[in-house]
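Engineer: This is coords19.txt (compact mmCIF, N, CA and C atoms).
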```txt
# COMPACT_ATOMS: atom_id res chain seq x y z
N MET A 1 -53.12 15.85 166.41
CA MET A 1 -52.78 14.75 167.30
C MET A 1 -51.28 14.53 167.21
N LYS A 2 -50.66 14.58 168.36
CA LYS A 2 -49.21 14.42 168.36
C LYS A 2 -48.82 12.97 168.56
N GLU A 3 -47.64 12.66 168.07
CA GLU A 3 -47.10 11.31 168.27
C GLU A 3 -46.27 11.29 169.55
N LEU A 4 -46.32 10.17 170.22
CA LEU A 4 -45.46 9.97 171.38
C LEU A 4 -44.13 9.42 170.91
N VAL A 5 -43.07 9.85 171.55
CA VAL A 5 -41.74 9.38 171.21
C VAL A 5 -41.18 8.68 172.44
N TRP A 6 -40.72 7.46 172.22
CA TRP A 6 -40.10 6.71 173.32
C TRP A 6 -38.75 7.34 173.64
N ASP A 7 -38.51 7.58 174.93
CA ASP A 7 -37.19 8.01 175.36
C ASP A 7 -36.98 7.56 176.79
N ASP A 8 -35.83 7.90 177.33
CA ASP A 8 -35.47 7.43 178.67
C ASP A 8 -36.42 7.92 179.76
N VAL A 9 -37.11 9.02 179.52
CA VAL A 9 -38.06 9.53 180.51
C VAL A 9 -39.15 8.50 180.78
N LEU A 10 -39.53 7.73 179.77
CA LEU A 10 -40.59 6.74 179.92
C LEU A 10 -40.08 5.37 180.37
N SER A 11 -38.78 5.20 180.44
CA SER A 11 -38.21 3.91 180.83
C SER A 11 -38.37 3.67 182.33
N VAL A 12 -38.82 2.47 182.65
CA VAL A 12 -38.91 2.06 184.06
C VAL A 12 -37.69 1.22 184.44
N GLU A 13 -36.72 1.16 183.53
CA GLU A 13 -35.46 0.44 183.76
C GLU A 13 -35.67 -1.07 183.91
N ASN A 14 -36.70 -1.58 183.25
CA ASN A 14 -36.94 -3.01 183.19
C ASN A 14 -37.27 -3.33 181.74
N GLU A 15 -36.45 -4.14 181.11
CA GLU A 15 -36.57 -4.36 179.67
C GLU A 15 -37.91 -4.98 179.28
N GLU A 16 -38.41 -5.91 180.08
CA GLU A 16 -39.71 -6.53 179.75
C GLU A 16 -40.83 -5.50 179.72
N ILE A 17 -40.88 -4.70 180.75
CA ILE A 17 -41.94 -3.69 180.85
C ILE A 17 -41.73 -2.60 179.80
N ASP A 18 -40.48 -2.17 179.63
CA ASP A 18 -40.20 -1.14 178.62
C ASP A 18 -40.58 -1.62 177.22
N ASN A 19 -40.33 -2.88 176.91
CA ASN A 19 -40.72 -3.42 175.60
C ASN A 19 -42.23 -3.37 175.42
N ASP A 20 -42.97 -3.73 176.47
CA ASP A 20 -44.44 -3.64 176.40
C ASP A 20 -44.86 -2.20 176.14
N HIS A 21 -44.25 -1.28 176.87
CA HIS A 21 -44.63 0.13 176.73
C HIS A 21 -44.31 0.65 175.32
N ARG A 22 -43.21 0.20 174.75
CA ARG A 22 -42.88 0.61 173.37
C ARG A 22 -43.97 0.15 172.39
N ILE A 23 -44.45 -1.06 172.59
CA ILE A 23 -45.52 -1.59 171.73
C ILE A 23 -46.78 -0.74 171.88
N LEU A 24 -47.14 -0.41 173.12
CA LEU A 24 -48.33 0.40 173.35
C LEU A 24 -48.19 1.79 172.73
N ILE A 25 -47.02 2.38 172.84
CA ILE A 25 -46.78 3.69 172.24
C ILE A 25 -46.87 3.60 170.72
N ASN A 26 -46.32 2.54 170.15
CA ASN A 26 -46.42 2.37 168.69
C ASN A 26 -47.88 2.24 168.24
N LEU A 27 -48.67 1.50 168.99
CA LEU A 27 -50.09 1.37 168.66
C LEU A 27 -50.83 2.69 168.82
N PHE A 28 -50.50 3.43 169.87
CA PHE A 28 -51.10 4.75 170.09
C PHE A 28 -50.80 5.65 168.88
N ASN A 29 -49.55 5.64 168.44
CA ASN A 29 -49.16 6.46 167.30
C ASN A 29 -49.85 5.99 166.01
N LEU A 30 -49.97 4.68 165.85
CA LEU A 30 -50.68 4.14 164.68
C LEU A 30 -52.13 4.61 164.68
N LEU A 31 -52.74 4.61 165.84
CA LEU A 31 -54.12 5.07 165.96
C LEU A 31 -54.22 6.53 165.51
N GLY A 32 -53.33 7.36 166.01
CA GLY A 32 -53.35 8.77 165.63
C GLY A 32 -53.13 8.99 164.15
N ARG A 33 -52.16 8.29 163.59
CA ARG A 33 -51.89 8.41 162.15
C ARG A 33 -53.09 7.93 161.34
N SER A 34 -53.74 6.89 161.81
CA SER A 34 -54.91 6.35 161.10
C SER A 34 -56.04 7.36 161.06
N VAL A 35 -56.27 8.02 162.18
CA VAL A 35 -57.33 9.03 162.23
C VAL A 35 -56.97 10.20 161.31
N LEU A 36 -55.74 10.69 161.42
CA LEU A 36 -55.32 11.85 160.62
C LEU A 36 -55.31 11.58 159.12
N SER A 37 -55.00 10.35 158.76
CA SER A 37 -54.92 10.01 157.33
C SER A 37 -56.30 9.71 156.73
N GLY A 38 -57.31 9.68 157.57
CA GLY A 38 -58.65 9.41 157.07
C GLY A 38 -58.93 7.94 156.82
N ALA A 39 -58.22 7.07 157.55
CA ALA A 39 -58.47 5.63 157.41
C ALA A 39 -59.94 5.33 157.70
N SER A 40 -60.39 4.22 157.22
CA SER A 40 -61.80 3.86 157.41
C SER A 40 -62.14 3.71 158.89
N ARG A 41 -63.40 3.93 159.17
CA ARG A 41 -63.89 3.79 160.55
C ARG A 41 -63.58 2.38 161.08
N ALA A 42 -63.80 1.37 160.25
CA ALA A 42 -63.55 -0.01 160.67
C ALA A 42 -62.08 -0.21 161.04
N TYR A 43 -61.19 0.37 160.25
CA TYR A 43 -59.76 0.23 160.53
C TYR A 43 -59.39 0.92 161.84
N VAL A 44 -59.88 2.13 162.05
CA VAL A 44 -59.59 2.87 163.29
C VAL A 44 -60.13 2.10 164.49
N GLU A 45 -61.31 1.54 164.36
CA GLU A 45 -61.88 0.75 165.45
C GLU A 45 -61.03 -0.48 165.75
N LEU A 46 -60.48 -1.11 164.72
CA LEU A 46 -59.61 -2.27 164.92
C LEU A 46 -58.30 -1.90 165.61
N VAL A 47 -57.74 -0.77 165.22
CA VAL A 47 -56.49 -0.32 165.87
C VAL A 47 -56.76 0.01 167.33
N LEU A 48 -57.87 0.67 167.62
CA LEU A 48 -58.22 0.97 169.00
C LEU A 48 -58.42 -0.31 169.79
N GLU A 49 -59.10 -1.28 169.20
CA GLU A 49 -59.31 -2.57 169.86
C GLU A 49 -57.98 -3.26 170.14
N GLU A 50 -57.06 -3.19 169.19
CA GLU A 50 -55.74 -3.80 169.40
C GLU A 50 -55.00 -3.10 170.53
N LEU A 51 -55.08 -1.78 170.58
CA LEU A 51 -54.44 -1.03 171.66
C LEU A 51 -55.02 -1.46 173.02
N ILE A 52 -56.31 -1.59 173.09
CA ILE A 52 -56.95 -1.98 174.34
C ILE A 52 -56.57 -3.42 174.73
N ARG A 53 -56.60 -4.33 173.77
CA ARG A 53 -56.24 -5.72 174.07
C ARG A 53 -54.78 -5.86 174.49
N CYS A 54 -53.90 -5.14 173.81
CA CYS A 54 -52.48 -5.19 174.18
C CYS A 54 -52.26 -4.57 175.56
N THR A 55 -53.03 -3.55 175.86
CA THR A 55 -52.92 -2.93 177.18
C THR A 55 -53.39 -3.91 178.26
N ALA A 56 -54.49 -4.60 178.02
CA ALA A 56 -54.98 -5.59 178.98
C ALA A 56 -53.94 -6.69 179.19
N TRP A 57 -53.33 -7.15 178.10
CA TRP A 57 -52.28 -8.17 178.22
C TRP A 57 -51.10 -7.62 179.02
N HIS A 58 -50.70 -6.39 178.71
CA HIS A 58 -49.58 -5.77 179.42
C HIS A 58 -49.88 -5.66 180.91
N PHE A 59 -51.09 -5.26 181.26
CA PHE A 59 -51.44 -5.14 182.67
C PHE A 59 -51.32 -6.49 183.36
N SER A 60 -51.79 -7.53 182.73
CA SER A 60 -51.67 -8.88 183.29
C SER A 60 -50.20 -9.27 183.45
N HIS A 61 -49.41 -8.98 182.44
CA HIS A 61 -47.97 -9.27 182.47
C HIS A 61 -47.30 -8.53 183.64
N GLU A 62 -47.63 -7.27 183.77
CA GLU A 62 -47.05 -6.44 184.83
C GLU A 62 -47.45 -6.99 186.21
N GLU A 63 -48.71 -7.35 186.36
CA GLU A 63 -49.18 -7.87 187.65
C GLU A 63 -48.51 -9.20 187.98
N ARG A 64 -48.26 -10.01 186.97
CA ARG A 64 -47.53 -11.26 187.21
C ARG A 64 -46.13 -10.97 187.72
N LEU A 65 -45.45 -10.00 187.10
CA LEU A 65 -44.11 -9.63 187.55
C LEU A 65 -44.13 -9.06 188.97
N MET A 66 -45.17 -8.33 189.29
CA MET A 66 -45.32 -7.79 190.65
C MET A 66 -45.49 -8.91 191.66
N MET A 67 -46.31 -9.87 191.31
CA MET A 67 -46.53 -11.00 192.20
C MET A 67 -45.24 -11.78 192.40
N LEU A 68 -44.55 -12.05 191.32
CA LEU A 68 -43.30 -12.80 191.36
C LEU A 68 -42.24 -12.11 192.21
N SER A 69 -42.19 -10.79 192.14
CA SER A 69 -41.16 -10.03 192.87
C SER A 69 -41.58 -9.66 194.29
N GLY A 70 -42.82 -9.95 194.67
CA GLY A 70 -43.28 -9.63 196.01
C GLY A 70 -43.56 -8.15 196.21
N TYR A 71 -43.99 -7.49 195.18
CA TYR A 71 -44.24 -6.05 195.23
C TYR A 71 -45.44 -5.75 196.14
N ASP A 72 -45.23 -4.93 197.17
CA ASP A 72 -46.29 -4.60 198.13
C ASP A 72 -47.42 -3.78 197.52
N GLY A 73 -47.13 -3.07 196.45
CA GLY A 73 -48.14 -2.22 195.84
C GLY A 73 -49.01 -2.91 194.81
N LEU A 74 -48.97 -4.24 194.76
CA LEU A 74 -49.70 -4.99 193.73
C LEU A 74 -51.19 -4.67 193.73
N GLU A 75 -51.86 -4.74 194.85
CA GLU A 75 -53.32 -4.55 194.87
C GLU A 75 -53.70 -3.14 194.47
N GLU A 76 -52.98 -2.15 194.92
CA GLU A 76 -53.26 -0.76 194.53
C GLU A 76 -53.02 -0.58 193.02
N HIS A 77 -51.95 -1.16 192.52
CA HIS A 77 -51.61 -1.05 191.11
C HIS A 77 -52.66 -1.79 190.26
N ARG A 78 -53.07 -2.95 190.74
CA ARG A 78 -54.11 -3.71 190.04
C ARG A 78 -55.40 -2.91 189.95
N GLN A 79 -55.76 -2.23 191.04
CA GLN A 79 -56.98 -1.42 191.03
C GLN A 79 -56.86 -0.27 190.03
N GLU A 80 -55.67 0.32 189.94
CA GLU A 80 -55.46 1.37 188.95
C GLU A 80 -55.63 0.82 187.53
N HIS A 81 -55.12 -0.39 187.30
CA HIS A 81 -55.29 -1.04 186.00
C HIS A 81 -56.78 -1.22 185.70
N LEU A 82 -57.53 -1.72 186.67
CA LEU A 82 -58.97 -1.93 186.47
C LEU A 82 -59.69 -0.62 186.16
N ASP A 83 -59.34 0.43 186.91
CA ASP A 83 -59.96 1.74 186.68
C ASP A 83 -59.61 2.28 185.29
N LEU A 84 -58.36 2.12 184.90
CA LEU A 84 -57.94 2.58 183.57
C LEU A 84 -58.67 1.82 182.47
N MET A 85 -58.79 0.51 182.63
CA MET A 85 -59.49 -0.29 181.61
C MET A 85 -60.96 0.09 181.54
N ASP A 86 -61.59 0.34 182.68
CA ASP A 86 -62.99 0.79 182.68
C ASP A 86 -63.14 2.09 181.91
N SER A 87 -62.23 3.04 182.17
CA SER A 87 -62.29 4.34 181.50
C SER A 87 -62.11 4.21 180.00
N VAL A 88 -61.13 3.43 179.60
CA VAL A 88 -60.85 3.34 178.16
C VAL A 88 -61.94 2.53 177.45
N CYS A 89 -62.53 1.57 178.13
CA CYS A 89 -63.64 0.82 177.51
C CYS A 89 -64.87 1.71 177.37
N ASP A 90 -65.10 2.61 178.34
CA ASP A 90 -66.18 3.59 178.20
C ASP A 90 -65.93 4.48 176.99
N LEU A 91 -64.69 4.91 176.85
CA LEU A 91 -64.32 5.73 175.70
C LEU A 91 -64.51 4.97 174.40
N GLN A 92 -64.13 3.72 174.39
CA GLN A 92 -64.29 2.90 173.19
C GLN A 92 -65.77 2.79 172.80
N ARG A 93 -66.62 2.56 173.78
CA ARG A 93 -68.06 2.47 173.50
C ARG A 93 -68.58 3.77 172.89
N GLU A 94 -68.10 4.89 173.40
CA GLU A 94 -68.52 6.19 172.87
C GLU A 94 -68.04 6.36 171.43
N ILE A 95 -66.82 5.96 171.17
CA ILE A 95 -66.27 6.07 169.82
C ILE A 95 -67.03 5.16 168.86
N LEU A 96 -67.36 3.96 169.31
CA LEU A 96 -68.12 3.04 168.46
C LEU A 96 -69.52 3.60 168.15
N LYS A 97 -70.08 4.31 169.13
CA LYS A 97 -71.41 4.89 168.95
C LYS A 97 -71.37 6.08 167.98
N THR A 98 -70.37 6.95 168.14
CA THR A 98 -70.32 8.17 167.33
C THR A 98 -69.53 8.00 166.04
N GLY A 99 -68.64 7.02 166.03
CA GLY A 99 -67.81 6.81 164.84
C GLY A 99 -66.67 7.79 164.72
N LYS A 100 -66.40 8.54 165.79
CA LYS A 100 -65.35 9.56 165.73
C LYS A 100 -64.41 9.44 166.93
N LEU A 101 -63.16 9.74 166.66
CA LEU A 101 -62.16 9.87 167.72
C LEU A 101 -61.74 11.32 167.71
N GLU A 102 -62.26 12.07 168.64
CA GLU A 102 -62.01 13.51 168.70
C GLU A 102 -60.66 13.79 169.36
N GLU A 103 -60.17 15.01 169.18
CA GLU A 103 -58.89 15.44 169.76
C GLU A 103 -58.86 15.24 171.27
N GLN A 104 -59.93 15.59 171.97
CA GLN A 104 -59.96 15.46 173.42
C GLN A 104 -59.90 13.99 173.85
N GLU A 105 -60.50 13.13 173.06
CA GLU A 105 -60.45 11.70 173.37
C GLU A 105 -59.05 11.15 173.12
N PHE A 106 -58.42 11.64 172.08
CA PHE A 106 -57.04 11.24 171.80
C PHE A 106 -56.12 11.71 172.92
N GLU A 107 -56.34 12.93 173.41
CA GLU A 107 -55.56 13.45 174.52
C GLU A 107 -55.78 12.62 175.78
N PHE A 108 -57.02 12.18 175.99
CA PHE A 108 -57.31 11.29 177.12
C PHE A 108 -56.48 10.02 177.02
N LEU A 109 -56.45 9.42 175.83
CA LEU A 109 -55.67 8.19 175.64
C LEU A 109 -54.18 8.43 175.91
N GLU A 110 -53.68 9.58 175.45
CA GLU A 110 -52.27 9.91 175.70
C GLU A 110 -52.00 10.02 177.19
N GLN A 111 -52.85 10.75 177.90
CA GLN A 111 -52.67 10.91 179.35
C GLN A 111 -52.83 9.58 180.08
N TRP A 112 -53.75 8.77 179.60
CA TRP A 112 -53.99 7.46 180.17
C TRP A 112 -52.74 6.61 180.08
N LEU A 113 -52.09 6.64 178.93
CA LEU A 113 -50.90 5.82 178.70
C LEU A 113 -49.67 6.38 179.41
N THR A 114 -49.35 7.63 179.14
CA THR A 114 -48.12 8.20 179.71
C THR A 114 -48.26 8.44 181.21
N GLY A 115 -49.42 8.85 181.64
CA GLY A 115 -49.62 9.11 183.07
C GLY A 115 -49.39 7.87 183.91
N HIS A 116 -49.89 6.76 183.45
CA HIS A 116 -49.73 5.51 184.20
C HIS A 116 -48.25 5.09 184.22
N ILE A 117 -47.59 5.23 183.08
CA ILE A 117 -46.17 4.86 183.02
C ILE A 117 -45.36 5.74 183.95
N LEU A 118 -45.58 7.04 183.89
CA LEU A 118 -44.76 7.98 184.65
C LEU A 118 -45.04 7.97 186.15
N ALA A 119 -46.17 7.45 186.55
CA ALA A 119 -46.50 7.43 187.98
C ALA A 119 -46.37 6.02 188.54
N ALA A 120 -47.40 5.23 188.37
CA ALA A 120 -47.46 3.90 189.00
C ALA A 120 -46.36 2.97 188.51
N ASP A 121 -46.11 2.94 187.20
CA ASP A 121 -45.11 2.01 186.68
C ASP A 121 -43.70 2.38 187.11
N MET A 122 -43.44 3.68 187.26
CA MET A 122 -42.11 4.11 187.72
C MET A 122 -41.84 3.60 189.14
N LYS A 123 -42.85 3.61 189.98
CA LYS A 123 -42.69 3.10 191.35
C LYS A 123 -42.29 1.63 191.32
N PHE A 124 -42.95 0.87 190.47
CA PHE A 124 -42.62 -0.55 190.37
C PHE A 124 -41.22 -0.72 189.80
N GLY A 125 -40.86 0.07 188.81
CA GLY A 125 -39.51 0.01 188.24
C GLY A 125 -38.45 0.29 189.29
N GLU A 126 -38.71 1.27 190.13
CA GLU A 126 -37.76 1.59 191.21
C GLU A 126 -37.64 0.43 192.19
N PHE A 127 -38.77 -0.19 192.48
CA PHE A 127 -38.76 -1.37 193.36
C PHE A 127 -37.91 -2.47 192.77
N LEU A 128 -38.09 -2.74 191.48
CA LEU A 128 -37.31 -3.80 190.82
C LEU A 128 -35.83 -3.45 190.78
N ALA A 129 -35.51 -2.19 190.52
CA ALA A 129 -34.11 -1.77 190.43
C ALA A 129 -33.42 -1.88 191.78
N ALA A 130 -34.19 -1.67 192.86
CA ALA A 130 -33.62 -1.77 194.20
C ALA A 130 -33.35 -3.23 194.59
N GLY A 131 -33.97 -4.14 193.87
CA GLY A 131 -33.76 -5.56 194.14
C GLY A 131 -34.37 -6.05 195.42
N THR A 132 -35.42 -5.34 195.86
CA THR A 132 -36.09 -5.75 197.10
C THR A 132 -37.26 -6.63 196.82
```
Output the file's structure in the form of structure tokens.
Structural biologist:
Amino acid sequence: MKELVWDDVLSVENEEIDNDHRILINLFNLLGRSVLSGASRAYVELVLEELIRCTAWHFSHEERLMMLSGYDGLEEHRQEHLDLMDSVCDLQREILKTGKLEEQEFEFLEQWLTGHILAADMKFGEFLAAGT
């Protein structure tokens, strides 16, 4: 399981959003380190729960900023957030049932996090940078 490294590629050029993303990346990395180090199942489940809760908070924060700025893509972005949360909650249920976080599931979480930042969040960052 590889660690994610924050760099300018992941920046949406908005400090509030970038700070949220740094926290999510740190939690993602903590989850990976916890699994690799053989941390207890209960601990891994708590880290995963924290990642999911922080992600839900971040999505709400992002949507508030979209509403405040008059972002036209709010509803589409909100739907993507809902779809992502559904997927990760399904994954969480599977992990709770099996007690394992497999490599493919970890890769899913990585793609879930970075993919959303690099696609949908970048569009919003560009909108904010343009000042429209």
Engineer: Quick one, how far is atom CA of Gly125 of chain A from atom C of Glu13 of chain A?
Structural biologist: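 Pair atom CA of Gly125 of chain A / atom C of Glu13 of chain A returns 5.9 Å.
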Engineer: Hey, can you check how far atom N of Gly73 of chain A sits from atom C of Gly131 of chain A?
Structural biologist: 13.1 Å
Engineer: Looking at A:Cys89, A:Ala130, A:Leu101, A:Ala120, which one is nearest to Gly38 of chain A, with distances taken over only C-alpha atoms?
Structural biologist: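 Once distances to Gly38 of chain A are computed over only C-alpha atoms, the minimum belongs to A:Leu101.
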Engineer: Please report the interatomic distance between atom C of Met85 of chain A and atom N of Leu36 of chain A in Å with one decimal.
Structural biologist: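 These two atoms are separated by 23.3 Å.
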Engineer: Using all atoms listed in the file, can you tell me which of A:Asn14, A:Leu4, A:Leu109, A:Leu82 comes closest to Glu126 of chain A?
Structural biologist: A:Asn14
Engineer: Which residues are near Val12 of chain A? Cut-off 7 Å, only N, CA and C atoms, ignore same chain within fewer than 2 positions. Put them as a ChimeraX atom specification.
Structural biologist: /A:8-10,14-15,17-18,121-122,124-126
Engineer: Which is closest to Glu63 of chain A among A:Leu31, A:Glu50, A:Leu91, A:His77, if we use all atoms listed in the file?
Structural biologist: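 Smallest separation from Glu63 of chain A among the options: A:His77.
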Engineer: For a quick check of understanding, using only N, CA and C atoms, which of A:Asp7, A:Leu65, A:Lys2, A:Phe28 has the smallest distance to Val47 of chain A?
Structural biologist: A:Phe28
Engineer: Have a look at A:Gly99, A:Asp83, A:Glu107, A:Tyr71 and name the one nearest to Ala129 of chain A; count only C-alpha atoms.
Structural biologist: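 Checking each candidate against Ala129 of chain A, we get A:Tyr71 as the closest.
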Engineer: Rank nothing, just name the residue among A:Leu27, A:Glu102, A:Ser60, A:Lys97 nearest to Leu46 of chain A, using only C-alpha atoms.
Structural biologist: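 Closest residue, counting only C-alpha atoms: A:Leu27.
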Engineer: Using only C-alpha atoms, determine which residues lie at most 12 Å from segment 92-96 of chain A, disregarding the query and same-chain residues fewer than 5 positions distant; provide the list as a list in words.
Structural biologist: Arg41, Ala42, Tyr43, Val44, Glu45, Leu46, Val47, Leu48, Glu49, Glu50, Leu51, Ile52, Arg53, Met85, Asp86, Ser87, Leu101, Glu102, Glu103, Gln104, Glu105, Phe106, Phe108 and Leu109 of chain A
Engineer: If you run DSSP on the backbone here, which positions in segment 1-125 of chain A get alpha helix (DSSP H)? Please write them as a PyMOL selection string.
Structural biologist: chain A and resi 15-36+41-69+74-98+103-116+122-125
Engineer: List the residues sitting within 10 Å of (-47.3, 7.6, 174.7) in the file's frame, using only C-alpha atoms, as a PyMOL selection string.
Structural biologist: chain A and resi 2-6+10+21-29+109-115+117
Engineer: As JSON, please: the centre and edge lengths in Å, to one decimal, of an axis-aligned box enclosing every listed atom of segment 11-16 of chain A with 8 Å added on each side.
Structural biologist:
```
{"center_x": -38.1, "center_y": -0.7, "center_z": 181.9, "size_x": 21.4, "size_y": 27.7, "size_z": 21.2}
```
